[in-house]
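File shown here: coords-v1.cif, holding mmCIF, C-alpha atoms and all ligand atoms.
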```
data_model
#
loop_
_atom_site.label_atom_id
_atom_site.label_comp_id
_atom_site.auth_asym_id
_atom_site.auth_seq_id
_atom_site.Cartn_x
_atom_site.Cartn_y
_atom_site.Cartn_z
CA MET A 1 -18.32 -6.27 24.85
CA GLN A 2 -17.28 -8.32 21.88
CA ARG A 3 -13.68 -8.36 23.05
CA LEU A 4 -14.60 -9.83 26.42
CA THR A 5 -16.65 -12.58 24.81
CA LEU A 6 -13.71 -13.54 22.65
CA ALA A 7 -11.34 -13.52 25.58
CA LEU A 8 -13.54 -15.95 27.50
CA ALA A 9 -14.01 -18.33 24.58
CA PRO A 10 -12.03 -21.58 24.59
CA ALA A 11 -8.50 -20.97 23.31
CA ALA A 12 -8.80 -23.77 20.76
CA ALA A 13 -8.50 -21.89 17.49
CA LEU A 14 -6.17 -18.94 17.40
CA ALA A 15 -7.69 -16.44 15.00
CA GLN A 16 -5.38 -14.90 12.43
CA THR A 17 -6.49 -12.13 10.12
CA TYR A 18 -4.47 -10.72 7.25
CA TYR A 19 -4.96 -6.95 7.24
CA GLY A 20 -2.96 -6.18 4.14
CA CYS A 21 0.33 -4.64 3.11
CA TYR A 22 1.14 -1.67 5.35
CA THR A 23 3.75 1.08 5.22
CA GLU A 24 6.71 1.03 7.58
CA ILE A 25 8.04 4.20 9.21
CA PRO A 26 11.65 4.94 10.21
CA ALA A 27 10.87 4.59 13.92
CA ARG A 28 8.97 1.30 13.27
CA ALA A 29 5.24 0.80 12.95
CA LEU A 30 5.25 -1.98 15.56
CA THR A 31 7.58 -1.38 18.48
CA GLY A 32 6.76 -4.20 20.91
CA SER A 33 9.36 -6.78 19.94
CA SER A 34 11.29 -7.90 16.90
CA LEU A 35 12.80 -11.08 15.55
CA ILE A 36 15.19 -11.04 12.61
CA ASP A 37 15.83 -14.19 10.59
CA TYR A 38 16.57 -13.82 6.90
CA GLU A 39 16.76 -17.60 6.42
CA GLY A 40 13.97 -19.15 8.42
CA MET A 41 11.28 -16.49 8.68
CA THR A 42 7.69 -17.45 7.92
CA ILE A 43 4.39 -15.81 8.88
CA ALA A 44 3.90 -18.64 11.40
CA VAL A 45 7.32 -18.06 12.98
CA CYS A 46 6.49 -14.40 13.47
CA GLU A 47 3.01 -15.17 14.79
CA THR A 48 4.42 -17.64 17.33
CA HIS A 49 7.04 -15.13 18.46
CA CYS A 50 4.60 -12.25 18.84
CA THR A 51 1.59 -14.02 20.29
CA GLY A 52 3.93 -15.86 22.66
CA LEU A 53 4.87 -12.48 24.08
CA GLY A 54 1.22 -11.46 24.31
CA PHE A 55 1.07 -9.13 21.30
CA ASP A 56 -2.06 -8.88 19.12
CA ILE A 57 -0.52 -7.59 15.90
CA TRP A 58 2.48 -8.80 13.93
CA GLY A 59 4.02 -7.98 10.62
CA VAL A 60 6.83 -9.33 8.50
CA GLU A 61 8.98 -6.98 6.46
CA TYR A 62 11.76 -7.33 3.90
CA GLY A 63 11.51 -11.10 3.94
CA GLY A 64 13.09 -11.77 7.31
CA GLU A 65 12.04 -9.10 9.80
CA CYS A 66 9.23 -9.79 12.25
CA TYR A 67 7.75 -6.99 14.36
CA CYS A 68 5.10 -7.17 17.08
CA GLY A 69 2.86 -4.69 18.82
CA ASN A 70 -0.62 -3.91 20.04
CA ALA A 71 -1.09 -0.77 17.94
CA LEU A 72 0.30 0.84 14.82
CA ALA A 73 2.43 3.97 15.14
CA GLN A 74 1.39 7.10 13.28
CA GLY A 75 2.26 6.94 9.61
CA SER A 76 1.72 3.22 9.14
CA PHE A 77 -1.31 2.63 6.93
CA PRO A 78 -2.46 0.41 4.07
CA ALA A 79 -0.12 0.49 1.08
CA PHE A 80 -0.82 -0.95 -2.34
CA SER A 81 -1.09 -4.68 -1.89
CA THR A 82 1.44 -5.29 -4.64
CA ASP A 83 4.12 -3.56 -2.53
CA CYS A 84 4.36 -6.75 -0.48
CA THR A 85 6.00 -9.29 -2.76
CA MET A 86 9.00 -10.70 -0.93
CA PRO A 87 8.82 -14.44 -0.36
CA CYS A 88 9.18 -15.75 3.17
CA PRO A 89 12.63 -17.35 3.25
CA GLY A 90 11.46 -20.14 5.55
CA ASP A 91 8.84 -21.18 3.01
CA THR A 92 11.18 -21.12 0.05
CA PRO A 93 12.85 -24.43 -0.85
CA PRO A 94 16.65 -24.20 -0.70
CA THR A 95 18.26 -23.77 -4.11
CA THR A 96 19.96 -26.87 -5.47
CA THR A 97 23.34 -27.01 -7.14
CA THR A 98 21.73 -27.92 -10.46
CA THR A 99 19.91 -24.58 -10.56
CA THR A 100 21.74 -21.75 -12.23
CA GLU A 101 18.83 -19.35 -12.53
CA PRO A 102 19.06 -16.22 -10.43
CA PRO A 103 16.28 -15.48 -7.94
CA THR A 104 13.20 -14.22 -9.75
CA GLU A 105 12.79 -11.28 -7.45
CA THR A 106 15.01 -8.76 -5.76
CA PRO A 107 13.86 -6.15 -3.24
CA THR A 108 13.94 -3.42 -5.84
CA ASP A 109 12.09 -5.30 -8.58
CA ILE A 110 8.80 -3.90 -9.72
CA PRO A 111 6.26 -6.70 -9.43
CA ALA A 112 5.35 -8.34 -12.71
CA PRO A 113 1.85 -7.68 -13.99
CA ALA A 114 -0.56 -10.32 -12.81
CA ASP A 115 -2.34 -12.73 -15.07
CA PRO A 116 -5.11 -10.61 -16.66
CA ALA A 117 -7.72 -13.31 -16.13
CA ARG A 118 -7.05 -13.28 -12.43
CA ALA A 119 -7.03 -9.49 -12.32
CA LYS A 120 -10.51 -9.43 -13.86
CA THR A 121 -12.11 -11.56 -11.20
CA LYS A 122 -10.50 -10.12 -8.11
CA ARG A 123 -12.36 -7.82 -5.75
CA ARG A 124 -12.17 -4.15 -6.57
CA THR A 125 -13.38 -2.63 -3.36
CA THR A 126 -10.47 -3.53 -1.15
CA LEU A 127 -7.69 -2.25 -3.31
CA LEU A 128 -5.29 -1.50 -0.55
CA ASN A 129 -6.20 -4.72 0.98
CA PRO A 130 -6.05 -8.19 1.34
CA ARG A 131 -5.40 -11.17 -0.71
CA ALA A 132 -3.81 -13.19 2.01
CA ASP A 133 -0.75 -15.08 0.86
CA THR A 134 1.10 -16.50 3.82
CA THR A 135 4.19 -17.19 1.73
CA ILE A 136 4.72 -13.42 1.32
CA CYS A 137 6.78 -11.62 3.97
CA GLY A 138 6.36 -7.93 3.21
CA GLY A 139 8.66 -5.84 1.09
CA PRO A 140 11.08 -2.95 1.37
CA ASN A 141 9.52 -0.68 4.01
CA ARG A 142 6.34 -2.70 3.76
CA LEU A 143 4.78 -5.04 6.30
CA SER A 144 2.57 -8.02 5.59
CA LEU A 145 0.36 -7.31 8.57
CA TYR A 146 -1.54 -9.90 10.62
CA GLY A 147 -3.34 -9.95 13.93
CA THR A 148 -5.70 -11.77 16.22
CA SER A 149 -8.64 -9.39 15.79
CA PRO A 150 -10.91 -9.74 12.76
CA ASP A 151 -10.87 -5.93 12.46
CA PRO A 152 -7.85 -4.08 11.11
CA PRO A 153 -5.90 -1.93 13.57
CA THR A 154 -6.62 1.77 13.90
CA VAL A 155 -4.60 3.85 11.49
CA THR A 156 -3.27 7.32 12.36
CA PRO A 157 -2.46 9.16 9.14
CA TYR A 158 -0.04 12.03 8.76
CA PRO A 159 -1.73 15.34 9.60
CA HIS A 160 -4.22 16.72 7.10
CA PRO A 161 -7.32 18.91 7.36
CA ALA A 162 -10.69 17.28 7.84
CA VAL A 163 -12.08 16.39 4.43
CA GLY A 164 -15.43 15.36 3.05
CA PRO A 165 -16.17 11.77 2.09
CA THR A 166 -15.44 12.09 -1.63
CA PRO A 167 -12.76 13.92 -3.61
CA SER A 168 -13.47 16.38 -6.44
CA TYR A 169 -12.20 15.79 -9.95
CA LEU A 170 -9.91 18.56 -11.24
CA GLY A 171 -9.40 17.30 -14.77
CA CYS A 172 -6.61 15.98 -16.95
CA TRP A 173 -3.24 17.66 -16.38
CA THR A 174 0.23 17.35 -17.87
CA GLU A 175 3.10 15.66 -16.09
CA LEU A 176 6.27 17.72 -16.04
CA THR A 177 8.87 16.37 -18.38
CA ASP A 178 11.53 19.03 -17.99
CA ALA A 179 15.20 18.39 -17.37
CA LEU A 180 14.79 19.12 -13.68
CA GLY A 181 12.88 15.89 -13.31
CA LEU A 182 10.19 17.55 -11.25
CA ARG A 183 6.78 16.01 -11.01
CA THR A 184 3.46 17.77 -11.17
CA LEU A 185 2.66 16.25 -7.78
CA PRO A 186 5.97 15.80 -5.99
CA GLY A 187 4.82 14.31 -2.69
CA ALA A 188 4.48 10.60 -1.95
CA SER A 189 3.96 8.18 -4.80
CA GLY A 190 2.79 4.64 -5.27
CA PHE A 191 2.55 2.10 -8.07
CA SER A 192 0.45 -0.96 -8.56
CA PRO A 193 0.32 -3.02 -11.76
CA THR A 194 -2.91 -4.70 -10.69
CA ASP A 195 -4.62 -2.71 -7.94
CA MET A 196 -4.60 0.99 -8.79
CA THR A 197 -7.94 2.74 -8.35
CA VAL A 198 -9.03 6.33 -7.77
CA ALA A 199 -10.20 5.49 -4.25
CA GLY A 200 -7.00 3.65 -3.44
CA CYS A 201 -4.74 6.46 -4.61
CA GLY A 202 -6.93 8.97 -2.79
CA SER A 203 -6.73 7.07 0.46
CA TYR A 204 -2.99 6.51 0.09
CA CYS A 205 -2.31 10.21 -0.49
CA LEU A 206 -4.61 11.42 2.27
CA ASN A 207 -2.95 9.04 4.74
CA ASN A 208 0.35 10.54 3.63
CA GLY A 209 -1.00 13.99 4.48
CA PHE A 210 -1.62 15.17 0.91
CA GLU A 211 -4.96 16.45 -0.34
CA VAL A 212 -4.25 16.50 -4.07
CA PHE A 213 -3.66 13.26 -5.94
CA GLY A 214 -3.18 12.22 -9.52
CA LEU A 215 -3.26 8.94 -11.38
CA GLU A 216 -0.98 8.39 -14.34
CA TYR A 217 -0.30 5.72 -16.94
CA GLY A 218 -2.91 3.37 -15.53
CA ALA A 219 -0.96 2.27 -12.49
CA GLU A 220 0.83 5.23 -10.90
CA CYS A 221 -0.36 7.39 -8.01
CA TYR A 222 1.18 10.77 -7.11
CA CYS A 223 0.39 12.98 -4.15
CA GLY A 224 0.97 16.65 -3.49
CA ALA A 225 -0.18 19.68 -1.57
CA GLU A 226 -0.92 21.44 -4.86
CA LEU A 227 -0.37 21.12 -8.59
CA ASN A 228 2.96 22.47 -9.84
CA VAL A 229 2.30 25.81 -11.59
CA ASN A 230 4.00 24.51 -14.73
CA SER A 231 1.47 21.72 -15.21
CA THR A 232 -1.28 22.64 -17.64
CA SER A 233 -4.84 21.51 -18.03
CA VAL A 234 -5.41 19.51 -21.21
CA ALA A 235 -8.33 17.91 -23.06
CA GLU A 236 -10.09 15.15 -21.18
CA ALA A 237 -9.42 12.75 -24.07
CA GLU A 238 -5.71 12.81 -23.24
CA CYS A 239 -6.46 10.96 -20.01
CA GLY A 240 -7.71 7.73 -21.47
CA MET A 241 -6.04 4.87 -19.65
CA ALA A 242 -8.04 2.49 -17.51
CA CYS A 243 -6.93 1.98 -13.94
CA SER A 244 -5.07 -1.29 -13.38
CA GLY A 245 -7.43 -2.17 -10.54
CA ALA A 246 -10.71 -0.90 -12.03
CA ALA A 247 -11.25 -1.07 -15.78
CA GLU A 248 -14.15 1.38 -15.60
CA GLU A 249 -12.06 4.10 -13.95
CA VAL A 250 -9.68 6.50 -15.67
CA CYS A 251 -6.08 6.67 -14.50
CA GLY A 252 -4.48 9.36 -16.65
CA GLY A 253 -2.34 8.56 -19.65
CA SER A 254 1.21 8.83 -20.88
CA ASN A 255 2.57 11.90 -19.06
CA ARG A 256 -1.01 12.80 -18.24
CA LEU A 257 -2.56 12.86 -14.78
CA SER A 258 -6.19 12.43 -13.79
CA VAL A 259 -6.15 14.86 -10.87
CA TRP A 260 -8.42 14.82 -7.84
CA GLU A 261 -8.57 16.85 -4.67
CA TRP A 262 -9.95 16.10 -1.25
CA VAL A 263 -12.27 18.96 -0.35
CA ALA A 264 -12.23 20.41 3.13
CA GLU A 265 -15.25 19.40 5.15
CA THR A 266 -16.14 23.05 5.80
CA GLU A 267 -16.27 23.81 2.07
CA GLU A 268 -18.88 21.15 1.46
CA LYS A 269 -22.43 22.21 1.66
C1 LIG B 301 8.38 26.38 -13.89
O1 LIG B 301 9.20 26.45 -15.04
C2 LIG B 301 10.18 27.48 -14.98
C3 LIG B 301 10.85 27.52 -16.34
O2 LIG B 301 11.35 26.26 -16.69
C4 LIG B 301 11.15 27.20 -13.85
O3 LIG B 301 12.12 28.20 -13.77
C5 LIG B 301 10.36 27.14 -12.56
O4 LIG B 301 11.22 26.78 -11.49
C6 LIG B 301 9.23 26.12 -12.65
N1 LIG B 301 8.42 26.20 -11.46
C7 LIG B 301 8.22 25.17 -10.67
C8 LIG B 301 7.38 25.42 -9.45
O5 LIG B 301 8.66 24.06 -10.88
#
```
As structure tokens, what does this structure read like?
Amino acid sequence: MQRLTLALAPAAALAQTYYGCYTEIPARALTGSSLIDYEGMTIAVCETHCTGLGFDIWGVEYGGECYCGNALAQGSFPAFSTDCTMPCPGDTPPTTTTTTEPPTETPTDIPAPADPARAKTKRRTTLLNPRADTTICGGPNRLSLYGTSPDPPTVTPYPHPAVGPTPSYLGCWTELTDALGLRTLPGASGFSPTDMTVAGCGSYCLNNGFEVFGLEYGAECYCGAELNVNSTSVAEAECGMACSGAAEEVCGGSNRLSVWEWVAETEEK
């Protein structure tokens, strides 16, 4: 087995793979051990702590929280990569007395759009995945996840029926704009100023246990069990915004959703 071969190899170079930005769950995605240090945490500090205890997987969350384990708990899965934006405090130079500027980022900040030139050249296929940046230590309820194996850990999504490999397009639908503040798809939601794609939103929603998903305003992803009855189907031309992570894909419009649905495996023939 591959694993055995690796185990017998000389321990010279410790492999470290960045798996991406993963969702946290209330009961913790990684339950083996934890180390909290909001001043000195770095990816290396967490790696040393976790591998020292014999764990294969480690993740840093909310800047200073390191968690270890050998498997991910149910409900932890790839999030949009731009959800992990908090700098590692141990990598950040201490502020000097001559600096009066506030920190550029707070936990609740929406990440600034990336340089368009960079966005154009980045890989499209791994939307929920990896541009390793070892100075980033997760985000609110998000883990910058690393491990010793080159392969990402097994993910156990929230329950959903078995679905076919590709979703079906349901058309362009209105977002609800009533005073109740309801959304057409009220389940989980995600946002990515640089990485939103149809496949990424679809995977994110399915992992959250939702079969219907909609993309809005180029960068927003909404999940639901079904479309709200008050949403109406509108002309295709009203969904005209390119996806932030794939210029050739359509991601809704202003108060307009490009809606897709995962089709049950049994319905596909
Ligand atoms: C649809 O709109 C009506 C009228 O505003 C409202 O009473 C009803 O609760 C809405 N239905 C849903 C499912 O949001």
Near range 66-81 of chain A, within 8 Å and counting only C-alpha atoms, which residues show up once chain neighbours fewer than 4 positions away are dropped, as a ChimeraX atom specification? /A:20-25,28-36,41,46,50,55-61,127-131,142,153-158,190-192,195-196,200,204,207-208
Residues of chain A that approach ligand LIG 301 (chain B) to 6 Å or less, counting all atoms listed in the file: could you list each one with the shortest pair of atoms and its distance in Å to one decimal, rows by chain and increasing residue number, as CSV?
```
residue,atom,partner,partner_atom,distance
A:Asn228,CA,B:LIG301,C8,5.3
A:Val229,CA,B:LIG301,C8,5.5
A:Asn230,CA,B:LIG301,C1,4.8
```
Let me make sure I understand: among A:Gly138, A:Gly224, A:Pro26, A:Gly54, which one has the smallest atom-to-atom distance to Thr184 in chain A if we use all atoms listed in the file?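 Counting all atoms listed in the file, the residue closest to Thr184 in chain A is A:Gly224.
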Nearest residue to Trp262 in chain A out of A:Ser149, A:Ser233, A:Ser189, A:Thr166, using only C-alpha atoms?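 The closest residue to Trp262 in chain A is A:Thr166.
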CA of Asp37 in chain A and CA of Asp151 in chain A are how many Å apart? 28.0 Å
Using all atoms listed in the file, which of A:Leu53, A:Cys172, A:Cys201, A:Ile136 sits nearest Gly90 in chain A?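 Once distances to Gly90 in chain A are computed over all atoms listed in the file, the minimum belongs to A:Ile136.
Between Pro150 in chain A and the candidates A:Tyr18, A:Tyr217, A:Tyr62, A:Trp173, the tightest atom-to-atom separation, counting all atoms listed in the file, involves A:Tyr18.
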What's the separation between CA of Cys239 in chain A and CA of Leu206 in chain A, in Å to one decimal place?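 Spanning CA of Cys239 in chain A to CA of Leu206 in chain A is a straight-line distance of 22.4 Å.
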Kindly indicate which residue among A:Gly245, A:Gly214, A:Gly139, A:Gly240 lies nearest to Ser258 in chain A, using all atoms listed in the file for the distances.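 Under the stated criterion, the closest residue is A:Gly214.
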From the set A:Leu215, A:Val163, A:Cys223, A:Ala235, which residue has the shortest atom-to-atom contact distance to Pro186 in chain A, counting all atoms listed in the file? A:Cys223
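Taking CA of Val45 in chain A and CA of Thr194 in chain A as the two end points, the separation is 29.0 Å.
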